[in-house]
Amino acid sequence: MSPEIRNRQIAWRMALLVVLALAAAAAFMLLQARGSWDFLLPFRGRKLAALAVVAVAVALSTVVFQTVTQNRILTPSIMGFDALYVLIQTGMVFGLGAGRVSTLDPRLMFGLELAAMILFALLLFRWMFGPRARNLHLLMLVGIVLGTLFRSISGFLQRIIDPDSFTVLQDRLFASFNSVDPSLLTLSALLVAGLALVIWRLVPELDVLALGREAAIGLGVPQERLVHGLLVLVTVLVALSTALVGPVTFLGLLVANLAYLLMPTGRHAVLLPASALIALITLIGGQTLLERVLHYDTALAVVVEFAGGLVFILLVIRGVAR
Amino acid sequence: MIEIDAVERRYDGVAVLSEVTLSLPKGGLTAIIGPNGAGKSTLLSVMGRLQKPDAGRVTLQGLELSRASGREVAKKLALLRQDNHTAARLTVRDLVGFGRYPHSRGNPGPEDHAQVTRALATLGLEPLADRFLDQLSGGQRQRAHIAMVLAQDTDCILLDEPLNNLDISHAVRIITLVRDAARQMGKTVVVVLHDINMAAAHCDRIVVMKGGRVLRHGTPAELMQAEFLSEVYETPITVHELAGRLVAVY
Ligand SMILES: Nc1ncnc2c1ncn2[C@@H]1O[C@H](COP(=O)(O)OP(=O)(O)O)[C@@H](O)[C@H]1O
Ligand SMILES: [Mg+2]
């Protein structure tokens with residue numbers, strides 16, 4: 001296929017994704033608008049914004065993570081990252097006590113949690129993706145075990161915590177697609193936009209990193225520094241999305257692999273926006289369909305996890321993890 | 001041009017390179033030969049700063065590799081590794097284009113496109129330019145990676161077993177190509193070869209390695225000695241003069 005035809009194909013598909021994402025957003029805002037717009041507009045607008053922030057954060061973090069770690073099957077969530085975030089949140093409330101936590105500025109609290117998370121994540125990465133490459137299946141297993149471990153410790157702490165603290169914690173942890181934590185929305189939106197801009201400026205470097213560690217060093221990219229920097233970005237994005245809607249294990253895997261499938265190219269200038277658009281369509285379109293058309297209230301996470309889980313199993317069976 | 005000074009490299013405490021000291025002048029084609037596991041690939045990746053030596057240092061045009069900026073080195077030195085696996089979905093043209101990254105930083109201009117076109121033509125890759133790498137044969141993929149190294153347009157080129165997977169015609173074309181680049185354009189080219197006769201026929205210097213050490217370094221005429229080669233490869237080898245060349249028979 002000549003490059004012109006391929007580029008045209010990519011452009012058309014990207015345009016289609018944009019149209020679908022806009023249509024999903026419009027449907028989300030307009031369908032079944034009973035009641036006054038004064039109430040509906042800000043209410044739905046906030047929810048739409050939250051879904052958009054989560055979609056972009058999950059898509060970008062997954063694609064960047066997969067490029068940096070040279071695989072298409074591990075994602076930050078599969079490696080137990082969002083579970084780690086929940087654990088840190090629980091640990092903070094457990095350690096500091098409900099009284100102190102509820103008087104703290106949520107943004108300060110978020111900053112502290114983020115710092116702890118970045119520290120742990122980098123240690124984990126250093127071990128997992130250090131100079132000596134480790135077997136992908138081993139990493140997958142370790143990630144799943146770690147995720148379970150983090151979740152169990154969180155569960156244990158939540159059980160032995162005093163009731164007051166638990167109430168505070170519950171408010172934070174039971175965020176979902178239906179009950180977005182509004183206190184962090186503006187901050188998250190700004191942060192995600194800023195990080196997306198940073199990632200966008202690193203697109204040429206991401207393309208080079210995708211060639212592998214040795215090739216990247218050979219081409220003069222400061223590989224180690226860049227990888228660490230990008231992993232910090234990924235960690236912040238995961239924390240932001242988890243803070244907004246709670247853990248979603250397979251969404252990233254689903255949208256990243258759909259983007260690879262749809263776009264016949266390795267260029268991040270295409271893959272990043274494509275995966276973000278697919279995530280927007282999945283989340284906003286899915287939410288509209290389930291909430292407005294089918295009237296299921298809590299099903300989006302379940303449906304997304306189901307579809308993503310199927311993709312995960314498919315990838316494992318097809319031997320993408322070699 | 002390239003000074004390797006008392007370089008050591010260990011894996012898990014086992015020395016893979018010991019006290020390797022070599023000085024390669026500017027211009028000319030140098031072959032590194034030696035049995036499997038001699039440390040040839042390790043030496044090349046230390047020279048190409050893909051691995052840090054545990055002791056000693058490498059300087060390139062007076063630039064100490066461990067201190068120089070990666071980008072500065074990438075404009076002076078290009079390296080072909082022994083196994084080139086890329087997971088990314090790339091066409092041959094995309095891959096060769098990456099050779100221009102140190103110069104263009106992802107924003108290629110007319111000069112970059114010209115270099116890519118030239119590298120594709122030099123390796124006879126035009127008909128394959130828009131194929132994806134996973135749709136190529138091993139030899140075609142090898143040529144694509146060599147084209148990427150050429151597109152980088154550096155004074156110093158390191159090639160680890162570039163003739164792997166290639167048929168006789170492409171092997172001769174590529175060795176002639178790098179020899180001409182070395183002799184006519186003053187490039188410093190180092191190739192790891194397994195074919196001693198190829199090394200003797202085309203290279204200006206040969207470095208013989210074994211057990212992580214440089215055994216000898218000299219011209220083909222100095223090193224094409226039956227007794228020495230038999231010892232290095234632990235195999236009976238005789239050397240004959242044939243059509244004006246020294247040919248090893250084994
Ligand atoms: N990553 C590694 N870990 C441990 N040992 C290694 C590694 N890479 C190479 N070696 C060992 O180092 C020695 C030299 O390897 P190499 O430089 O690839 O040899 P050559 O290219 O001459 O065949 C071999 O004995 C090999 O087993
Ligand atoms: Mg080798």
# chains A, B, ... in the order shown; residues from 1 in each chain; ligands from 1

call {"tool": "interface_residues", "arguments": {"of": "chain B", "to": "chain A", "cutoff": "7 Å", "atoms": "only C-alpha atoms", "output": "PyMOL selection string"}}
result
chain B and resi 50+70-71+73-74+78-79+86-90+101-102+105-106+130

call {"tool": "residues_near_ligand", "arguments": {"ligand": "ligand 2", "cutoff": "10 Å", "atoms": "only C-alpha atoms and all ligand atoms", "output": "VMD selection string"}}
result
chain B and resid 33 to 45 81 to 83 160 to 161 192 to 194

call {"tool": "write_last_selection", "arguments": {"atoms": "all heavy atoms", "output": "short mmCIF file (atom, residue, chain, number, x, y, z; two decimals), in the first residue's frame"}}
result
data_model
loop_
_atom_site.label_atom_id
_atom_site.label_comp_id
_atom_site.auth_asym_id
_atom_site.auth_seq_id
_atom_site.Cartn_x
_atom_site.Cartn_y
_atom_site.Cartn_z
N ILE B 33 37.03 -10.59 14.11
CA ILE B 33 36.66 -12.00 13.96
C ILE B 33 36.99 -12.74 15.25
O ILE B 33 37.68 -12.22 16.12
CB ILE B 33 37.37 -12.67 12.75
CG1 ILE B 33 38.88 -12.71 12.99
CG2 ILE B 33 37.06 -11.95 11.45
CD1 ILE B 33 39.62 -13.56 11.95
N GLY B 34 36.46 -13.95 15.34
CA GLY B 34 36.72 -14.76 16.53
C GLY B 34 35.57 -15.71 16.75
O GLY B 34 34.48 -15.51 16.21
N PRO B 35 35.80 -16.75 17.53
CA PRO B 35 34.75 -17.76 17.73
C PRO B 35 33.54 -17.20 18.48
O PRO B 35 33.60 -16.11 19.05
CB PRO B 35 35.43 -18.84 18.56
CG PRO B 35 36.65 -18.21 19.13
CD PRO B 35 37.04 -17.09 18.23
N ASN B 36 32.45 -17.93 18.51
CA ASN B 36 31.24 -17.54 19.25
C ASN B 36 31.60 -17.30 20.70
O ASN B 36 32.37 -18.04 21.28
CB ASN B 36 30.18 -18.63 19.22
CG ASN B 36 29.60 -18.84 17.84
OD1 ASN B 36 29.40 -19.96 17.41
ND2 ASN B 36 29.35 -17.76 17.12
N GLY B 37 31.01 -16.28 21.27
CA GLY B 37 31.24 -16.00 22.69
C GLY B 37 32.56 -15.33 22.98
O GLY B 37 32.95 -15.18 24.13
N ALA B 38 33.26 -14.89 21.92
CA ALA B 38 34.56 -14.24 22.13
C ALA B 38 34.42 -12.87 22.78
O ALA B 38 35.37 -12.34 23.33
CB ALA B 38 35.29 -14.12 20.80
N GLY B 39 33.23 -12.28 22.67
CA GLY B 39 33.03 -10.95 23.22
C GLY B 39 32.94 -9.87 22.15
O GLY B 39 32.96 -8.68 22.45
N LYS B 40 32.77 -10.28 20.90
CA LYS B 40 32.73 -9.32 19.80
C LYS B 40 31.53 -8.39 19.92
O LYS B 40 31.65 -7.16 19.84
CB LYS B 40 32.68 -10.06 18.45
CG LYS B 40 33.76 -11.10 18.27
CD LYS B 40 33.68 -11.81 16.93
CE LYS B 40 32.45 -12.66 16.73
NZ LYS B 40 32.39 -13.87 17.59
N SER B 41 30.36 -8.99 20.12
CA SER B 41 29.14 -8.17 20.23
C SER B 41 29.21 -7.27 21.45
O SER B 41 28.79 -6.11 21.41
CB SER B 41 27.90 -9.05 20.34
OG SER B 41 27.73 -9.77 19.16
N THR B 42 29.74 -7.81 22.55
CA THR B 42 29.85 -6.99 23.76
C THR B 42 30.77 -5.80 23.51
O THR B 42 30.45 -4.67 23.89
CB THR B 42 30.39 -7.86 24.92
OG1 THR B 42 29.59 -9.03 25.01
CG2 THR B 42 30.34 -7.11 26.22
N LEU B 43 31.90 -6.06 22.85
CA LEU B 43 32.82 -4.95 22.56
C LEU B 43 32.13 -3.90 21.70
O LEU B 43 32.23 -2.70 21.96
CB LEU B 43 34.07 -5.48 21.84
CG LEU B 43 35.09 -4.40 21.46
CD1 LEU B 43 35.59 -3.68 22.70
CD2 LEU B 43 36.26 -4.98 20.68
N LEU B 44 31.40 -4.36 20.69
CA LEU B 44 30.74 -3.39 19.81
C LEU B 44 29.69 -2.58 20.58
O LEU B 44 29.56 -1.38 20.37
CB LEU B 44 30.10 -4.12 18.63
CG LEU B 44 30.47 -3.53 17.27
CD1 LEU B 44 31.97 -3.64 17.07
CD2 LEU B 44 29.75 -4.24 16.14
N SER B 45 28.96 -3.23 21.49
CA SER B 45 27.94 -2.43 22.18
C SER B 45 28.57 -1.51 23.22
O SER B 45 28.02 -0.46 23.50
CB SER B 45 26.81 -3.28 22.75
OG SER B 45 27.30 -4.33 23.49
N ARG B 81 22.99 -3.66 15.46
CA ARG B 81 23.15 -4.76 16.41
C ARG B 81 23.00 -6.10 15.74
O ARG B 81 22.51 -6.21 14.62
CB ARG B 81 22.12 -4.62 17.54
CG ARG B 81 22.52 -3.53 18.54
CD ARG B 81 21.43 -3.30 19.52
NE ARG B 81 20.16 -3.07 18.85
CZ ARG B 81 19.03 -3.70 19.14
NH1 ARG B 81 19.00 -4.59 20.09
NH2 ARG B 81 17.93 -3.43 18.48
N GLN B 82 23.41 -7.14 16.48
CA GLN B 82 23.37 -8.48 15.89
C GLN B 82 21.93 -8.94 15.68
O GLN B 82 21.60 -9.51 14.66
CB GLN B 82 24.11 -9.45 16.79
CG GLN B 82 24.27 -10.82 16.17
CD GLN B 82 25.21 -11.69 16.98
OE1 GLN B 82 25.84 -11.23 17.92
NE2 GLN B 82 25.30 -12.94 16.61
N ASP B 83 21.06 -8.69 16.67
CA ASP B 83 19.66 -9.02 16.41
C ASP B 83 18.81 -7.78 16.56
O ASP B 83 18.87 -7.09 17.56
CB ASP B 83 19.15 -10.15 17.30
CG ASP B 83 19.74 -10.10 18.67
OD1 ASP B 83 19.84 -8.97 19.22
OD2 ASP B 83 20.11 -11.14 19.20
N ASP B 160 27.41 -5.23 13.52
CA ASP B 160 27.59 -6.54 14.13
C ASP B 160 26.97 -7.61 13.24
O ASP B 160 25.75 -7.71 13.13
CB ASP B 160 26.94 -6.55 15.53
CG ASP B 160 27.44 -7.72 16.37
OD1 ASP B 160 28.12 -8.61 15.81
OD2 ASP B 160 27.14 -7.74 17.57
N GLU B 161 27.83 -8.39 12.61
CA GLU B 161 27.41 -9.43 11.68
C GLU B 161 26.38 -8.94 10.67
O GLU B 161 25.28 -9.47 10.58
CB GLU B 161 26.87 -10.64 12.46
CG GLU B 161 27.90 -11.15 13.46
CD GLU B 161 27.63 -12.56 13.93
OE1 GLU B 161 26.87 -13.28 13.27
OE2 GLU B 161 28.22 -12.96 14.95
N VAL B 192 31.79 -6.91 12.44
CA VAL B 192 32.02 -8.25 12.97
C VAL B 192 31.67 -9.22 11.85
O VAL B 192 30.58 -9.14 11.28
CB VAL B 192 31.15 -8.53 14.20
CG1 VAL B 192 31.30 -9.99 14.64
CG2 VAL B 192 31.53 -7.60 15.34
N LEU B 193 32.61 -10.12 11.50
CA LEU B 193 32.36 -11.07 10.42
C LEU B 193 32.64 -12.47 10.88
O LEU B 193 33.47 -12.69 11.77
CB LEU B 193 33.29 -10.75 9.23
CG LEU B 193 33.04 -9.45 8.47
CD1 LEU B 193 34.09 -9.29 7.38
CD2 LEU B 193 31.65 -9.43 7.85
N HIS B 194 31.93 -13.43 10.28
CA HIS B 194 32.26 -14.82 10.58
C HIS B 194 33.06 -15.45 9.46
O HIS B 194 33.78 -16.41 9.65
CB HIS B 194 30.99 -15.64 10.82
CG HIS B 194 30.61 -15.63 12.25
ND1 HIS B 194 31.47 -16.05 13.22
CD2 HIS B 194 29.51 -15.19 12.90
CE1 HIS B 194 30.91 -15.90 14.40
NE2 HIS B 194 29.72 -15.36 14.22
#

call {"tool": "residues_around", "arguments": {"residues": "stretch 51-60 of chain A", "least_positions_apart": "2", "cutoff": "8 Å", "atoms": "only C-alpha atoms", "output": "number ranges by chain"}}
result
A: 47-49, 62-64, 177, 188-189, 192, 196, 234, 237-238, 240-241, 244-245, 251-252, 255-256, 272, 275-277, 279-280, 283-284

call {"tool": "write_last_selection", "arguments": {"atoms": "N, CA, C and O atoms", "output": "short mmCIF file (atom, residue, chain, number, x, y, z; two decimals), in the first residue's frame"}}
result
data_model
loop_
_atom_site.label_atom_id
_atom_site.label_comp_id
_atom_site.auth_asym_id
_atom_site.auth_seq_id
_atom_site.Cartn_x
_atom_site.Cartn_y
_atom_site.Cartn_z
N LYS A 47 -20.43 15.85 34.58
CA LYS A 47 -20.26 14.41 34.42
C LYS A 47 -19.54 14.08 33.09
O LYS A 47 -18.65 13.23 33.05
N LEU A 48 -19.95 14.82 32.07
CA LEU A 48 -19.30 14.63 30.77
C LEU A 48 -17.82 14.96 30.87
O LEU A 48 -16.96 14.23 30.37
N ALA A 49 -17.52 16.07 31.53
CA ALA A 49 -16.12 16.48 31.67
C ALA A 49 -15.34 15.41 32.41
O ALA A 49 -14.21 15.07 32.02
N THR A 62 -2.01 4.42 29.10
CA THR A 62 -1.79 3.05 28.63
C THR A 62 -0.86 3.00 27.43
O THR A 62 0.08 2.21 27.39
N VAL A 63 -1.11 3.84 26.43
CA VAL A 63 -0.27 3.79 25.23
C VAL A 63 1.18 4.14 25.59
O VAL A 63 2.13 3.46 25.16
N VAL A 64 1.36 5.18 26.40
CA VAL A 64 2.73 5.56 26.78
C VAL A 64 3.40 4.44 27.57
O VAL A 64 4.54 4.06 27.30
N PHE A 177 -18.35 5.63 37.82
CA PHE A 177 -18.80 6.43 36.69
C PHE A 177 -20.06 7.21 37.03
O PHE A 177 -20.35 8.22 36.43
N SER A 188 -8.12 18.04 38.18
CA SER A 188 -7.77 16.90 37.33
C SER A 188 -7.79 17.29 35.87
O SER A 188 -6.89 16.91 35.11
N ALA A 189 -8.82 18.03 35.48
CA ALA A 189 -8.93 18.42 34.07
C ALA A 189 -7.70 19.22 33.66
O ALA A 189 -7.10 18.97 32.60
N VAL A 192 -4.59 16.87 33.58
CA VAL A 192 -4.59 15.96 32.44
C VAL A 192 -4.29 16.73 31.15
O VAL A 192 -3.50 16.26 30.31
N ALA A 196 -1.14 15.93 28.91
CA ALA A 196 -1.36 15.55 27.51
C ALA A 196 -0.48 16.41 26.60
O ALA A 196 0.11 15.92 25.63
N VAL A 234 2.78 8.73 33.61
CA VAL A 234 1.79 7.66 33.59
C VAL A 234 1.17 7.49 34.98
O VAL A 234 -0.05 7.38 35.13
N LEU A 237 -1.26 10.19 35.78
CA LEU A 237 -2.51 10.02 35.02
C LEU A 237 -3.38 8.92 35.64
O LEU A 237 -4.60 9.08 35.77
N VAL A 238 -2.75 7.81 36.02
CA VAL A 238 -3.52 6.71 36.63
C VAL A 238 -4.15 7.19 37.93
O VAL A 238 -5.33 6.93 38.20
N LEU A 240 -4.96 10.19 38.80
CA LEU A 240 -6.04 11.13 38.53
C LEU A 240 -7.31 10.40 38.15
O LEU A 240 -8.40 10.70 38.67
N SER A 241 -7.16 9.44 37.25
CA SER A 241 -8.38 8.76 36.80
C SER A 241 -8.97 7.91 37.92
O SER A 241 -10.18 7.85 38.08
N LEU A 244 -10.95 9.98 40.29
CA LEU A 244 -12.24 10.43 39.77
C LEU A 244 -13.30 9.33 39.75
O LEU A 244 -14.42 9.55 40.19
N VAL A 245 -12.95 8.18 39.24
CA VAL A 245 -13.99 7.15 39.06
C VAL A 245 -13.64 5.80 39.64
O VAL A 245 -14.33 4.81 39.38
N LEU A 251 -10.01 -1.06 30.83
CA LEU A 251 -10.37 -0.03 29.84
C LEU A 251 -9.16 0.35 28.98
O LEU A 251 -9.26 0.42 27.76
N GLY A 252 -8.03 0.58 29.63
CA GLY A 252 -6.83 1.00 28.89
C GLY A 252 -6.42 -0.03 27.86
O GLY A 252 -6.14 0.29 26.71
N VAL A 255 -8.88 0.10 24.82
CA VAL A 255 -8.80 1.22 23.87
C VAL A 255 -7.45 1.25 23.17
O VAL A 255 -7.38 1.57 21.98
N ALA A 256 -6.38 0.91 23.88
CA ALA A 256 -5.07 0.94 23.22
C ALA A 256 -5.03 -0.09 22.10
O ALA A 256 -4.60 0.20 20.98
N LEU A 272 -1.86 8.04 19.79
CA LEU A 272 -2.31 8.71 21.01
C LEU A 272 -3.70 9.32 20.85
O LEU A 272 -4.61 9.01 21.62
N SER A 275 -6.40 6.50 20.37
CA SER A 275 -6.80 5.76 21.57
C SER A 275 -7.63 6.65 22.49
O SER A 275 -8.60 6.18 23.10
N ALA A 276 -7.29 7.94 22.57
CA ALA A 276 -8.07 8.83 23.42
C ALA A 276 -9.50 8.95 22.89
O ALA A 276 -10.48 8.91 23.66
N LEU A 277 -9.63 9.06 21.55
CA LEU A 277 -10.97 9.18 20.97
C LEU A 277 -11.78 7.90 21.20
O LEU A 277 -12.97 7.95 21.53
N ALA A 279 -11.45 5.87 23.64
CA ALA A 279 -11.84 5.85 25.06
C ALA A 279 -13.03 6.78 25.29
O ALA A 279 -13.97 6.44 26.02
N LEU A 280 -13.01 7.96 24.65
CA LEU A 280 -14.14 8.89 24.79
C LEU A 280 -15.42 8.24 24.29
O LEU A 280 -16.47 8.31 24.94
N LEU A 283 -16.53 5.38 26.74
CA LEU A 283 -17.08 5.81 28.02
C LEU A 283 -18.35 6.63 27.86
O LEU A 283 -19.39 6.35 28.48
N ILE A 284 -18.29 7.67 27.02
CA ILE A 284 -19.45 8.55 26.90
C ILE A 284 -20.59 7.85 26.17
O ILE A 284 -21.74 7.88 26.61
#

call {"tool": "atom_distance", "arguments": {"atom1": "atom CA of B:Gln61", "atom2": "atom CA of B:Ala6"}}
result
17.4 Å

call {"tool": "select_by_dssp", "arguments": {"residues": "stretch 7-146 of chain B", "states": "strand (DSSP E)", "output": "number ranges by chain"}}
result
B: 7-11, 14-24, 28-33, 55-60, 63-64, 77-80

call {"tool": "select_by_dssp", "arguments": {"residues": "stretch 11-247 of chain B", "states": "alpha helix (DSSP H)", "output": "count of residues only"}}
result
87

call {"tool": "residues_around", "arguments": {"residues": "B:Gly99", "least_positions_apart": "6", "cutoff": "7 Å", "atoms": "only C-alpha atoms", "output": "MDAnalysis selection string"}}
result
chainID B and resid 148:149 151:152

call {"tool": "write_last_selection", "arguments": {"atoms": "N, CA, C and O atoms", "output": "PDB file, in the first residue's frame"}}
result
ATOM      1  N   MET B 148      19.023   1.959   7.561  1.00  0.00           N
ATOM      2  CA  MET B 148      18.786   2.921   8.641  1.00  0.00           C
ATOM      3  C   MET B 148      20.118   3.445   9.177  1.00  0.00           C
ATOM      4  O   MET B 148      20.282   4.647   9.410  1.00  0.00           O
ATOM      5  N   VAL B 149      21.081   2.541   9.357  1.00  0.00           N
ATOM      6  CA  VAL B 149      22.406   2.952   9.848  1.00  0.00           C
ATOM      7  C   VAL B 149      23.059   3.912   8.855  1.00  0.00           C
ATOM      8  O   VAL B 149      23.631   4.940   9.249  1.00  0.00           O
ATOM      9  N   ALA B 151      21.548   5.861   6.716  1.00  0.00           N
ATOM     10  CA  ALA B 151      20.822   7.131   6.689  1.00  0.00           C
ATOM     11  C   ALA B 151      21.252   8.041   7.835  1.00  0.00           C
ATOM     12  O   ALA B 151      21.125   9.254   7.763  1.00  0.00           O
ATOM     13  N   GLN B 152      21.778   7.426   8.893  1.00  0.00           N
ATOM     14  CA  GLN B 152      22.228   8.233  10.034  1.00  0.00           C
ATOM     15  C   GLN B 152      23.445   9.081   9.642  1.00  0.00           C
ATOM     16  O   GLN B 152      23.742  10.081  10.294  1.00  0.00           O
TER      17      GLN B 152
END

call {"tool": "atom_distance", "arguments": {"atom1": "atom CA of A:Leu261", "atom2": "atom CA of A:Trp200"}}
result
21.0 Å

call {"tool": "residues_around", "arguments": {"residues": "B:Asn164", "least_positions_apart": "6", "cutoff": "12 Å", "atoms": "only C-alpha atoms", "output": "MDAnalysis selection string"}}
result
chainID B and resid 80:84 138:143 145:146 170:171 174:175 191:195

call {"tool": "atom_distance", "arguments": {"atom1": "atom CA of A:Thr75", "atom2": "atom CA of A:Ala116"}}
result
19.9 Å

call {"tool": "residues_around", "arguments": {"residues": "stretch 308-318 of chain A", "least_positions_apart": "6", "cutoff": "10 Å", "atoms": "only C-alpha atoms", "output": "PyMOL selection string"}}
result
chain A and resi 72-74+78+137+248-255+257-258+302

call {"tool": "write_last_selection", "arguments": {"atoms": "N, CA, C and O atoms", "output": "PDB file, in the first residue's frame"}}
result
ATOM      1  N   ARG A  72       2.328  -4.991  24.495  1.00  0.00           N
ATOM      2  CA  ARG A  72       0.983  -4.526  24.167  1.00  0.00           C
ATOM      3  C   ARG A  72      -0.060  -5.171  25.033  1.00  0.00           C
ATOM      4  O   ARG A  72      -1.242  -5.148  24.720  1.00  0.00           O
ATOM      5  N   ILE A  73       0.369  -5.765  26.116  1.00  0.00           N
ATOM      6  CA  ILE A  73      -0.596  -6.489  26.920  1.00  0.00           C
ATOM      7  C   ILE A  73      -0.612  -6.025  28.368  1.00  0.00           C
ATOM      8  O   ILE A  73      -1.649  -6.026  29.024  1.00  0.00           O
ATOM      9  N   LEU A  74       0.539  -5.600  28.883  1.00  0.00           N
ATOM     10  CA  LEU A  74       0.545  -5.063  30.240  1.00  0.00           C
ATOM     11  C   LEU A  74       0.083  -3.621  30.206  1.00  0.00           C
ATOM     12  O   LEU A  74       0.424  -2.878  29.297  1.00  0.00           O
ATOM     13  N   ILE A  78      -3.278  -3.319  34.936  1.00  0.00           N
ATOM     14  CA  ILE A  78      -3.014  -4.744  35.082  1.00  0.00           C
ATOM     15  C   ILE A  78      -1.827  -4.960  36.017  1.00  0.00           C
ATOM     16  O   ILE A  78      -1.768  -5.954  36.735  1.00  0.00           O
ATOM     17  N   HIS A 137       5.377 -13.005  30.888  1.00  0.00           N
ATOM     18  CA  HIS A 137       4.393 -13.764  31.648  1.00  0.00           C
ATOM     19  C   HIS A 137       4.629 -13.631  33.136  1.00  0.00           C
ATOM     20  O   HIS A 137       3.689 -13.518  33.921  1.00  0.00           O
ATOM     21  N   VAL A 248     -10.368   1.069  37.117  1.00  0.00           N
ATOM     22  CA  VAL A 248     -10.928   0.360  35.954  1.00  0.00           C
ATOM     23  C   VAL A 248      -9.797  -0.442  35.352  1.00  0.00           C
ATOM     24  O   VAL A 248      -8.864   0.118  34.802  1.00  0.00           O
ATOM     25  N   THR A 249      -9.879  -1.747  35.453  1.00  0.00           N
ATOM     26  CA  THR A 249      -8.712  -2.565  35.118  1.00  0.00           C
ATOM     27  C   THR A 249      -8.456  -2.663  33.621  1.00  0.00           C
ATOM     28  O   THR A 249      -7.331  -2.521  33.171  1.00  0.00           O
ATOM     29  N   PHE A 250      -9.471  -2.901  32.829  1.00  0.00           N
ATOM     30  CA  PHE A 250      -9.221  -3.295  31.447  1.00  0.00           C
ATOM     31  C   PHE A 250      -9.541  -2.235  30.390  1.00  0.00           C
ATOM     32  O   PHE A 250      -9.361  -2.467  29.209  1.00  0.00           O
ATOM     33  N   LEU A 251     -10.014  -1.062  30.828  1.00  0.00           N
ATOM     34  CA  LEU A 251     -10.368  -0.029  29.842  1.00  0.00           C
ATOM     35  C   LEU A 251      -9.162   0.351  28.981  1.00  0.00           C
ATOM     36  O   LEU A 251      -9.262   0.423  27.756  1.00  0.00           O
ATOM     37  N   GLY A 252      -8.026   0.582  29.625  1.00  0.00           N
ATOM     38  CA  GLY A 252      -6.825   1.003  28.894  1.00  0.00           C
ATOM     39  C   GLY A 252      -6.421  -0.029  27.863  1.00  0.00           C
ATOM     40  O   GLY A 252      -6.138   0.293  26.708  1.00  0.00           O
ATOM     41  N   LEU A 253      -6.412  -1.274  28.283  1.00  0.00           N
ATOM     42  CA  LEU A 253      -6.040  -2.360  27.376  1.00  0.00           C
ATOM     43  C   LEU A 253      -6.957  -2.378  26.159  1.00  0.00           C
ATOM     44  O   LEU A 253      -6.516  -2.487  25.014  1.00  0.00           O
ATOM     45  N   LEU A 254      -8.255  -2.229  26.426  1.00  0.00           N
ATOM     46  CA  LEU A 254      -9.254  -2.257  25.358  1.00  0.00           C
ATOM     47  C   LEU A 254      -8.999  -1.139  24.347  1.00  0.00           C
ATOM     48  O   LEU A 254      -8.881  -1.383  23.145  1.00  0.00           O
ATOM     49  N   VAL A 255      -8.879   0.099  24.820  1.00  0.00           N
ATOM     50  CA  VAL A 255      -8.799   1.215  23.873  1.00  0.00           C
ATOM     51  C   VAL A 255      -7.454   1.253  23.170  1.00  0.00           C
ATOM     52  O   VAL A 255      -7.378   1.565  21.978  1.00  0.00           O
ATOM     53  N   ASN A 257      -5.522  -1.298  22.391  1.00  0.00           N
ATOM     54  CA  ASN A 257      -5.443  -2.331  21.360  1.00  0.00           C
ATOM     55  C   ASN A 257      -6.396  -2.068  20.199  1.00  0.00           C
ATOM     56  O   ASN A 257      -6.093  -2.404  19.056  1.00  0.00           O
ATOM     57  N   LEU A 258      -7.526  -1.443  20.475  1.00  0.00           N
ATOM     58  CA  LEU A 258      -8.399  -1.050  19.364  1.00  0.00           C
ATOM     59  C   LEU A 258      -7.697  -0.019  18.486  1.00  0.00           C
ATOM     60  O   LEU A 258      -7.780  -0.060  17.260  1.00  0.00           O
ATOM     61  N   VAL A 302     -19.025  -2.479  34.584  1.00  0.00           N
ATOM     62  CA  VAL A 302     -19.108  -3.920  34.356  1.00  0.00           C
ATOM     63  C   VAL A 302     -18.930  -4.245  32.880  1.00  0.00           C
ATOM     64  O   VAL A 302     -18.157  -5.131  32.501  1.00  0.00           O
TER      65      VAL A 302
END
